[in-house]
Amino acid sequence: MTPNFKPSVSPAVRALRPDFRAVSVRVFGAVNCVEEPQATAMLRDAIERIGDGPAWADAHLASWAEAYRAFGAKPNRTPCSAEALRKRAMKQGALPAINAVVDVYNALSLRYAIPVGGEDLQAYAGSPRLIVADGTEPFETSANGEPVIETADPGEVVWRDDSGVTCRRWNWRQGPRTRLTEDSRDMWFVFERLDPMPMEAVEEAAQSLVAYLRRLAPDLRADVTTLD
């Protein structure tokens with residue numbers, strides 16, 4: 001199970017938010033597809049039930065906004081992924097389908113008010129590290145349909161691997177290099193929480209994802225760990 005792939009959190013990020021915890025999920029031999037009825041239903045149901053979320057949901061998203069401000073980001077302009085997804089769903093009343101696995105982890109992000117990332121393991125160079133950037137880290141993205149390379153801001157919290165940044169502003173924007181596609185078979189997911197979200201809820205969300213993936217690929221291998 002690719003033993004050298006070990007997600008880590010830097011001491012600088014720990015100092016910024018000592019309450020940060022995450023659940024890491026690696027799966028091998030998964031199946032993805034453009035569209036799948038249960039994924040579509042899960043996403044639709046999550047959107048319809050946004051107002052019926054857990055009691056701690058708003059406070060959890062407020063904690064993420066506070067964390068963003070602490071490293072110099074403006075959460076009203078670049079909110080955490082869970083907040084951005086929720087606002088988009090509430091404004092539009094729907095979300096476009098991306099692919100089955102992404103639709104499901106978006107549904108879980110809405111249901112649990114938690115940032116969730118999903119990435120292609122085979123696209124990684126080394127292990128993912130959550131760090132405070134020094135401003136030299138490259139980020140491959142696109143602008144006006146053309147590939148461009150940006151750099152992270154000094155002091156910005158980012159996920160990176162040996163090749164560069166994979167997700168900017170903690171969990172705001174993922175780069176195209178590691179995105180999940182219909183061809184992805186080995187995948188990595190991270191469920192990220194701050195106080196007051198209970199760890200039990202994070203673990204429940206992660207296991208819900210694994211259960212869905214096993215429905216599509218009963219023989220997949222899964223490795224679920226907590227990043228303390």
# chains A, B, ... in the order shown; residues from 1 in each chain; ligands from 1
>>> closest_atom_pairs(of="region 76-134 of chain A", to="region 38-47 of chain A", cutoff="6 Å", atoms="only C-alpha atoms", output="CSV")
residue,atom,partner,partner_atom,distance
A:Ala100,CA,A:Ala39,CA,5.5
A:Asp103,CA,A:Ala39,CA,6.0
A:Val104,CA,A:Ala39,CA,5.3
A:Ala107,CA,A:Leu43,CA,4.5
A:Leu110,CA,A:Ala46,CA,6.0
A:Arg111,CA,A:Ala46,CA,5.4
>>> write_last_selection(atoms="N, CA and C atoms", output="short mmCIF file (atom, residue, chain, number, x, y, z; two decimals), in the first residue's frame")
data_model
loop_
_atom_site.label_atom_id
_atom_site.label_comp_id
_atom_site.auth_asym_id
_atom_site.auth_seq_id
_atom_site.Cartn_x
_atom_site.Cartn_y
_atom_site.Cartn_z
N ALA A 100 -18.53 10.51 -10.35
CA ALA A 100 -19.22 9.86 -9.24
C ALA A 100 -18.50 10.07 -7.90
N ASP A 103 -18.59 13.71 -6.78
CA ASP A 103 -19.94 14.06 -6.36
C ASP A 103 -20.23 13.54 -4.95
N VAL A 104 -19.74 12.35 -4.64
CA VAL A 104 -20.00 11.77 -3.32
C VAL A 104 -19.22 12.52 -2.25
N ALA A 107 -20.95 15.66 -1.59
CA ALA A 107 -22.16 15.43 -0.80
C ALA A 107 -21.82 15.30 0.68
N LEU A 110 -20.97 18.68 2.18
CA LEU A 110 -22.17 19.45 2.50
C LEU A 110 -22.88 18.88 3.73
N ARG A 111 -23.00 17.58 3.78
CA ARG A 111 -23.74 16.95 4.88
C ARG A 111 -23.07 17.19 6.23
#
>>> residues_around(residues="Glu203 (chain A)", least_positions_apart="6", cutoff="9 Å", atoms="only C-alpha atoms", output="VMD selection string")
chain A and resid 23 191 224 226
>>> closest_residue(among="A:Arg77, A:Arg21, A:Arg214, A:Arg129", to="Pro196 (chain A)", atoms="only C-alpha atoms")
A:Arg21
>>> residues_around(residues="Pro198 (chain A)", least_positions_apart="3", cutoff="12 Å", atoms="only C-alpha atoms", output="PyMOL selection string")
chain A and resi 19-22+54-57+59-60+112-114+192-195+201-205
>>> residues_around(residues="Thr136 (chain A)", least_positions_apart="5", cutoff="9 Å", atoms="only C-alpha atoms", output="PyMOL selection string")
chain A and resi 151-154
>>> select_by_dssp(residues="region 2-198 of chain A", states="strand (DSSP E)", output="tab-separated table (two decimals) with N, CA and C atoms, in the first residue's frame")
chain	number	residue	atom	x	y	z
A	8	SER	N	1.55	14.40	6.21
A	8	SER	CA	2.05	14.97	7.45
A	8	SER	C	1.61	16.43	7.59
A	9	VAL	N	1.65	16.89	8.82
A	9	VAL	CA	1.28	18.27	9.15
A	9	VAL	C	2.48	18.91	9.84
A	21	ARG	N	-7.34	18.56	13.21
A	21	ARG	CA	-7.23	17.12	13.07
A	21	ARG	C	-7.75	16.75	11.68
A	22	ALA	N	-7.31	15.63	11.18
A	22	ALA	CA	-7.78	15.18	9.87
A	22	ALA	C	-7.80	13.67	9.82
A	23	VAL	N	-8.68	13.14	9.00
A	23	VAL	CA	-8.71	11.72	8.71
A	23	VAL	C	-8.26	11.52	7.27
A	24	SER	N	-7.25	10.68	7.10
A	24	SER	CA	-6.68	10.37	5.79
A	24	SER	C	-7.22	9.02	5.33
A	25	VAL	N	-7.66	8.97	4.07
A	25	VAL	CA	-8.19	7.73	3.49
A	25	VAL	C	-7.46	7.45	2.19
A	26	ARG	N	-6.74	6.32	2.13
A	26	ARG	CA	-6.15	5.87	0.88
A	26	ARG	C	-6.91	4.64	0.40
A	27	VAL	N	-7.22	4.63	-0.88
A	27	VAL	CA	-7.88	3.46	-1.45
A	27	VAL	C	-7.14	3.01	-2.71
A	28	PHE	N	-7.10	1.71	-2.92
A	28	PHE	CA	-6.40	1.12	-4.05
A	28	PHE	C	-7.34	0.19	-4.80
A	116	VAL	N	-13.38	18.53	2.35
A	116	VAL	CA	-12.94	17.21	1.93
A	116	VAL	C	-12.16	17.35	0.63
A	117	GLY	N	-10.99	16.75	0.58
A	117	GLY	CA	-10.21	16.73	-0.65
A	117	GLY	C	-10.07	15.33	-1.16
A	118	GLY	N	-10.08	15.17	-2.49
A	118	GLY	CA	-9.89	13.87	-3.10
A	118	GLY	C	-8.90	13.98	-4.24
A	119	GLU	N	-7.88	13.12	-4.25
A	119	GLU	CA	-6.79	13.27	-5.22
A	119	GLU	C	-6.34	11.92	-5.76
A	120	ASP	N	-5.70	11.98	-6.93
A	120	ASP	CA	-5.20	10.79	-7.60
A	120	ASP	C	-3.82	10.45	-7.04
A	129	ARG	N	2.25	17.11	2.25
A	129	ARG	CA	2.61	17.79	3.50
A	129	ARG	C	1.82	19.08	3.61
A	130	LEU	N	1.24	19.30	4.77
A	130	LEU	CA	0.55	20.55	5.05
A	130	LEU	C	1.54	21.48	5.72
A	131	ILE	N	1.87	22.58	5.05
A	131	ILE	CA	2.94	23.45	5.51
A	131	ILE	C	2.51	24.91	5.49
A	132	VAL	N	3.34	25.75	6.08
A	132	VAL	CA	3.24	27.20	5.91
A	132	VAL	C	4.24	27.59	4.82
A	138	PRO	N	5.74	26.39	-6.17
A	138	PRO	CA	4.96	26.53	-7.40
A	138	PRO	C	3.61	25.85	-7.32
A	139	PHE	N	2.64	26.42	-8.00
A	139	PHE	CA	1.29	25.86	-8.06
A	139	PHE	C	0.85	25.86	-9.51
A	140	GLU	N	0.64	24.67	-10.05
A	140	GLU	CA	0.21	24.53	-11.44
A	140	GLU	C	-1.31	24.69	-11.50
A	141	THR	N	-1.76	25.67	-12.29
A	141	THR	CA	-3.19	25.90	-12.41
A	141	THR	C	-3.47	26.34	-13.84
A	142	SER	N	-4.59	27.00	-14.06
A	142	SER	CA	-4.91	27.48	-15.40
A	142	SER	C	-5.59	28.83	-15.31
A	143	ALA	N	-5.47	29.60	-16.36
A	143	ALA	CA	-6.13	30.90	-16.47
A	143	ALA	C	-6.54	31.10	-17.91
A	146	GLU	N	-5.63	28.34	-20.25
A	146	GLU	CA	-4.22	28.06	-20.51
A	146	GLU	C	-3.51	27.70	-19.21
A	147	PRO	N	-2.58	26.73	-19.24
A	147	PRO	CA	-1.83	26.40	-18.03
A	147	PRO	C	-0.91	27.52	-17.59
A	148	VAL	N	-0.90	27.79	-16.30
A	148	VAL	CA	-0.02	28.80	-15.73
A	148	VAL	C	0.56	28.25	-14.43
A	149	ILE	N	1.66	28.84	-14.01
A	149	ILE	CA	2.26	28.48	-12.73
A	149	ILE	C	2.28	29.71	-11.84
A	150	GLU	N	1.61	29.61	-10.71
A	150	GLU	CA	1.63	30.65	-9.69
A	150	GLU	C	2.57	30.22	-8.57
A	151	THR	N	2.79	31.10	-7.62
A	151	THR	CA	3.49	30.72	-6.40
A	151	THR	C	2.60	31.03	-5.21
A	157	VAL	N	-1.02	28.75	4.22
A	157	VAL	CA	-1.06	27.31	4.51
A	157	VAL	C	-1.43	26.57	3.23
A	158	VAL	N	-0.61	25.60	2.85
A	158	VAL	CA	-0.84	24.86	1.61
A	158	VAL	C	-0.52	23.39	1.82
A	159	TRP	N	-1.17	22.56	1.00
A	159	TRP	CA	-0.76	21.18	0.84
A	159	TRP	C	0.22	21.13	-0.32
A	160	ARG	N	1.30	20.36	-0.19
A	160	ARG	CA	2.26	20.23	-1.27
A	160	ARG	C	2.86	18.82	-1.30
A	165	VAL	N	2.85	22.77	-4.93
A	165	VAL	CA	1.59	22.89	-4.20
A	165	VAL	C	0.50	22.10	-4.91
A	166	THR	N	-0.24	21.32	-4.16
A	166	THR	CA	-1.38	20.58	-4.70
A	166	THR	C	-2.72	21.23	-4.34
A	167	CYS	N	-2.74	22.01	-3.26
A	167	CYS	CA	-3.96	22.71	-2.86
A	167	CYS	C	-3.59	23.99	-2.13
A	168	ARG	N	-4.10	25.12	-2.61
A	168	ARG	CA	-3.78	26.40	-2.01
A	168	ARG	C	-4.75	26.77	-0.88
A	173	ARG	N	-8.38	25.76	-3.06
A	173	ARG	CA	-8.34	25.43	-4.48
A	173	ARG	C	-7.32	24.35	-4.78
A	174	GLN	N	-7.81	23.24	-5.35
A	174	GLN	CA	-6.95	22.13	-5.74
A	174	GLN	C	-6.38	22.38	-7.13
A	187	MET	N	-6.54	6.33	-4.91
A	187	MET	CA	-6.99	7.66	-4.52
A	187	MET	C	-6.62	7.98	-3.08
A	188	TRP	N	-6.49	9.28	-2.82
A	188	TRP	CA	-6.26	9.75	-1.45
A	188	TRP	C	-7.29	10.83	-1.13
A	189	PHE	N	-7.89	10.71	0.05
A	189	PHE	CA	-8.87	11.68	0.52
A	189	PHE	C	-8.44	12.20	1.88
A	190	VAL	N	-8.77	13.46	2.15
A	190	VAL	CA	-8.50	14.00	3.48
A	190	VAL	C	-9.72	14.78	3.95
A	191	PHE	N	-10.17	14.45	5.16
A	191	PHE	CA	-11.30	15.10	5.82
A	191	PHE	C	-10.72	15.98	6.93
A	192	GLU	N	-10.88	17.30	6.84
A	192	GLU	CA	-10.18	18.23	7.73
A	192	GLU	C	-11.15	18.92	8.68
A	193	ARG	N	-10.81	18.90	9.98
A	193	ARG	CA	-11.72	19.52	10.96
A	193	ARG	C	-10.97	20.39	11.94
>>> decode(residues="region 84-98 of chain A", atoms="all heavy atoms", output="PDB file, in the first residue's frame")
ATOM      1  N   ALA A  84     -17.434  27.380   0.544  1.00  0.00           N
ATOM      2  CA  ALA A  84     -17.665  27.750  -0.853  1.00  0.00           C
ATOM      3  C   ALA A  84     -18.693  26.832  -1.491  1.00  0.00           C
ATOM      4  O   ALA A  84     -19.582  27.290  -2.231  1.00  0.00           O
ATOM      5  CB  ALA A  84     -16.342  27.696  -1.615  1.00  0.00           C
ATOM      6  N   LEU A  85     -18.583  25.534  -1.209  1.00  0.00           N
ATOM      7  CA  LEU A  85     -19.522  24.572  -1.781  1.00  0.00           C
ATOM      8  C   LEU A  85     -20.933  24.828  -1.263  1.00  0.00           C
ATOM      9  O   LEU A  85     -21.907  24.793  -2.028  1.00  0.00           O
ATOM     10  CB  LEU A  85     -19.060  23.160  -1.417  1.00  0.00           C
ATOM     11  CG  LEU A  85     -19.681  21.999  -2.188  1.00  0.00           C
ATOM     12  CD1 LEU A  85     -19.242  22.026  -3.649  1.00  0.00           C
ATOM     13  CD2 LEU A  85     -19.274  20.667  -1.541  1.00  0.00           C
ATOM     14  N   ARG A  86     -21.030  25.096   0.009  1.00  0.00           N
ATOM     15  CA  ARG A  86     -22.347  25.341   0.606  1.00  0.00           C
ATOM     16  C   ARG A  86     -22.993  26.593   0.011  1.00  0.00           C
ATOM     17  O   ARG A  86     -24.173  26.585  -0.364  1.00  0.00           O
ATOM     18  CB  ARG A  86     -22.188  25.492   2.122  1.00  0.00           C
ATOM     19  CG  ARG A  86     -23.485  25.848   2.828  1.00  0.00           C
ATOM     20  CD  ARG A  86     -23.233  26.218   4.271  1.00  0.00           C
ATOM     21  NE  ARG A  86     -23.695  25.187   5.169  1.00  0.00           N
ATOM     22  CZ  ARG A  86     -23.985  25.401   6.453  1.00  0.00           C
ATOM     23  NH1 ARG A  86     -23.827  26.594   6.975  1.00  0.00           N
ATOM     24  NH2 ARG A  86     -24.406  24.424   7.210  1.00  0.00           N
ATOM     25  N   LYS A  87     -22.229  27.684  -0.099  1.00  0.00           N
ATOM     26  CA  LYS A  87     -22.773  28.922  -0.656  1.00  0.00           C
ATOM     27  C   LYS A  87     -23.234  28.727  -2.096  1.00  0.00           C
ATOM     28  O   LYS A  87     -24.288  29.217  -2.498  1.00  0.00           O
ATOM     29  CB  LYS A  87     -21.719  30.027  -0.587  1.00  0.00           C
ATOM     30  CG  LYS A  87     -21.487  30.571   0.810  1.00  0.00           C
ATOM     31  CD  LYS A  87     -20.445  31.683   0.792  1.00  0.00           C
ATOM     32  CE  LYS A  87     -20.262  32.290   2.172  1.00  0.00           C
ATOM     33  NZ  LYS A  87     -19.226  33.366   2.168  1.00  0.00           N
ATOM     34  N   ARG A  88     -22.432  27.995  -2.861  1.00  0.00           N
ATOM     35  CA  ARG A  88     -22.794  27.755  -4.257  1.00  0.00           C
ATOM     36  C   ARG A  88     -24.067  26.927  -4.356  1.00  0.00           C
ATOM     37  O   ARG A  88     -24.960  27.225  -5.163  1.00  0.00           O
ATOM     38  CB  ARG A  88     -21.638  27.039  -4.950  1.00  0.00           C
ATOM     39  CG  ARG A  88     -21.794  26.907  -6.447  1.00  0.00           C
ATOM     40  CD  ARG A  88     -20.564  26.238  -7.030  1.00  0.00           C
ATOM     41  NE  ARG A  88     -20.700  26.007  -8.448  1.00  0.00           N
ATOM     42  CZ  ARG A  88     -19.897  25.247  -9.162  1.00  0.00           C
ATOM     43  NH1 ARG A  88     -18.874  24.636  -8.568  1.00  0.00           N
ATOM     44  NH2 ARG A  88     -20.086  25.081 -10.454  1.00  0.00           N
ATOM     45  N   ALA A  89     -24.174  25.900  -3.530  1.00  0.00           N
ATOM     46  CA  ALA A  89     -25.357  25.047  -3.562  1.00  0.00           C
ATOM     47  C   ALA A  89     -26.604  25.805  -3.135  1.00  0.00           C
ATOM     48  O   ALA A  89     -27.681  25.650  -3.732  1.00  0.00           O
ATOM     49  CB  ALA A  89     -25.145  23.825  -2.674  1.00  0.00           C
ATOM     50  N   MET A  90     -26.478  26.654  -2.114  1.00  0.00           N
ATOM     51  CA  MET A  90     -27.638  27.414  -1.632  1.00  0.00           C
ATOM     52  C   MET A  90     -28.073  28.462  -2.655  1.00  0.00           C
ATOM     53  O   MET A  90     -29.264  28.711  -2.823  1.00  0.00           O
ATOM     54  CB  MET A  90     -27.296  28.068  -0.294  1.00  0.00           C
ATOM     55  CG  MET A  90     -27.129  27.073   0.850  1.00  0.00           C
ATOM     56  SD  MET A  90     -26.630  27.853   2.410  1.00  0.00           S
ATOM     57  CE  MET A  90     -28.128  28.742   2.822  1.00  0.00           C
ATOM     58  N   LYS A  91     -27.119  29.053  -3.343  1.00  0.00           N
ATOM     59  CA  LYS A  91     -27.446  30.086  -4.331  1.00  0.00           C
ATOM     60  C   LYS A  91     -28.086  29.485  -5.574  1.00  0.00           C
ATOM     61  O   LYS A  91     -29.073  30.014  -6.093  1.00  0.00           O
ATOM     62  CB  LYS A  91     -26.173  30.845  -4.717  1.00  0.00           C
ATOM     63  CG  LYS A  91     -26.416  31.953  -5.732  1.00  0.00           C
ATOM     64  CD  LYS A  91     -25.117  32.689  -6.043  1.00  0.00           C
ATOM     65  CE  LYS A  91     -25.366  33.815  -7.055  1.00  0.00           C
ATOM     66  NZ  LYS A  91     -24.106  34.552  -7.371  1.00  0.00           N
ATOM     67  N   GLN A  92     -27.527  28.357  -6.045  1.00  0.00           N
ATOM     68  CA  GLN A  92     -27.982  27.778  -7.306  1.00  0.00           C
ATOM     69  C   GLN A  92     -29.041  26.705  -7.130  1.00  0.00           C
ATOM     70  O   GLN A  92     -29.740  26.364  -8.087  1.00  0.00           O
ATOM     71  CB  GLN A  92     -26.780  27.203  -8.056  1.00  0.00           C
ATOM     72  CG  GLN A  92     -25.726  28.248  -8.395  1.00  0.00           C
ATOM     73  CD  GLN A  92     -24.514  27.652  -9.086  1.00  0.00           C
ATOM     74  OE1 GLN A  92     -24.427  26.441  -9.303  1.00  0.00           O
ATOM     75  NE2 GLN A  92     -23.559  28.487  -9.442  1.00  0.00           N
ATOM     76  N   GLY A  93     -29.133  26.135  -5.925  1.00  0.00           N
ATOM     77  CA  GLY A  93     -30.083  25.057  -5.687  1.00  0.00           C
ATOM     78  C   GLY A  93     -29.660  23.730  -6.263  1.00  0.00           C
ATOM     79  O   GLY A  93     -30.407  22.743  -6.197  1.00  0.00           O
ATOM     80  N   ALA A  94     -28.458  23.674  -6.838  1.00  0.00           N
ATOM     81  CA  ALA A  94     -27.932  22.448  -7.431  1.00  0.00           C
ATOM     82  C   ALA A  94     -26.439  22.625  -7.645  1.00  0.00           C
ATOM     83  O   ALA A  94     -25.915  23.735  -7.547  1.00  0.00           O
ATOM     84  CB  ALA A  94     -28.621  22.144  -8.761  1.00  0.00           C
ATOM     85  N   LEU A  95     -25.763  21.514  -7.911  1.00  0.00           N
ATOM     86  CA  LEU A  95     -24.348  21.551  -8.269  1.00  0.00           C
ATOM     87  C   LEU A  95     -24.157  20.673  -9.498  1.00  0.00           C
ATOM     88  O   LEU A  95     -24.769  19.617  -9.609  1.00  0.00           O
ATOM     89  CB  LEU A  95     -23.479  21.022  -7.115  1.00  0.00           C
ATOM     90  CG  LEU A  95     -23.395  21.887  -5.861  1.00  0.00           C
ATOM     91  CD1 LEU A  95     -22.690  21.116  -4.743  1.00  0.00           C
ATOM     92  CD2 LEU A  95     -22.665  23.198  -6.143  1.00  0.00           C
ATOM     93  N   PRO A  96     -23.316  21.093 -10.431  1.00  0.00           N
ATOM     94  CA  PRO A  96     -23.097  20.262 -11.613  1.00  0.00           C
ATOM     95  C   PRO A  96     -22.371  18.974 -11.252  1.00  0.00           C
ATOM     96  O   PRO A  96     -21.500  18.961 -10.378  1.00  0.00           O
ATOM     97  CB  PRO A  96     -22.237  21.146 -12.515  1.00  0.00           C
ATOM     98  CG  PRO A  96     -21.539  22.083 -11.567  1.00  0.00           C
ATOM     99  CD  PRO A  96     -22.521  22.330 -10.460  1.00  0.00           C
ATOM    100  N   ALA A  97     -22.723  17.886 -11.899  1.00  0.00           N
ATOM    101  CA  ALA A  97     -22.021  16.621 -11.690  1.00  0.00           C
ATOM    102  C   ALA A  97     -20.609  16.734 -12.244  1.00  0.00           C
ATOM    103  O   ALA A  97     -20.390  17.331 -13.305  1.00  0.00           O
ATOM    104  CB  ALA A  97     -22.771  15.489 -12.368  1.00  0.00           C
ATOM    105  N   ILE A  98     -19.641  16.192 -11.515  1.00  0.00           N
ATOM    106  CA  ILE A  98     -18.254  16.185 -11.971  1.00  0.00           C
ATOM    107  C   ILE A  98     -17.870  14.765 -12.357  1.00  0.00           C
ATOM    108  O   ILE A  98     -17.604  14.468 -13.504  1.00  0.00           O
ATOM    109  CB  ILE A  98     -17.326  16.757 -10.892  1.00  0.00           C
ATOM    110  CG1 ILE A  98     -17.708  18.223 -10.614  1.00  0.00           C
ATOM    111  CG2 ILE A  98     -15.866  16.653 -11.328  1.00  0.00           C
ATOM    112  CD1 ILE A  98     -16.960  18.858  -9.474  1.00  0.00           C
TER     113      ILE A  98
END
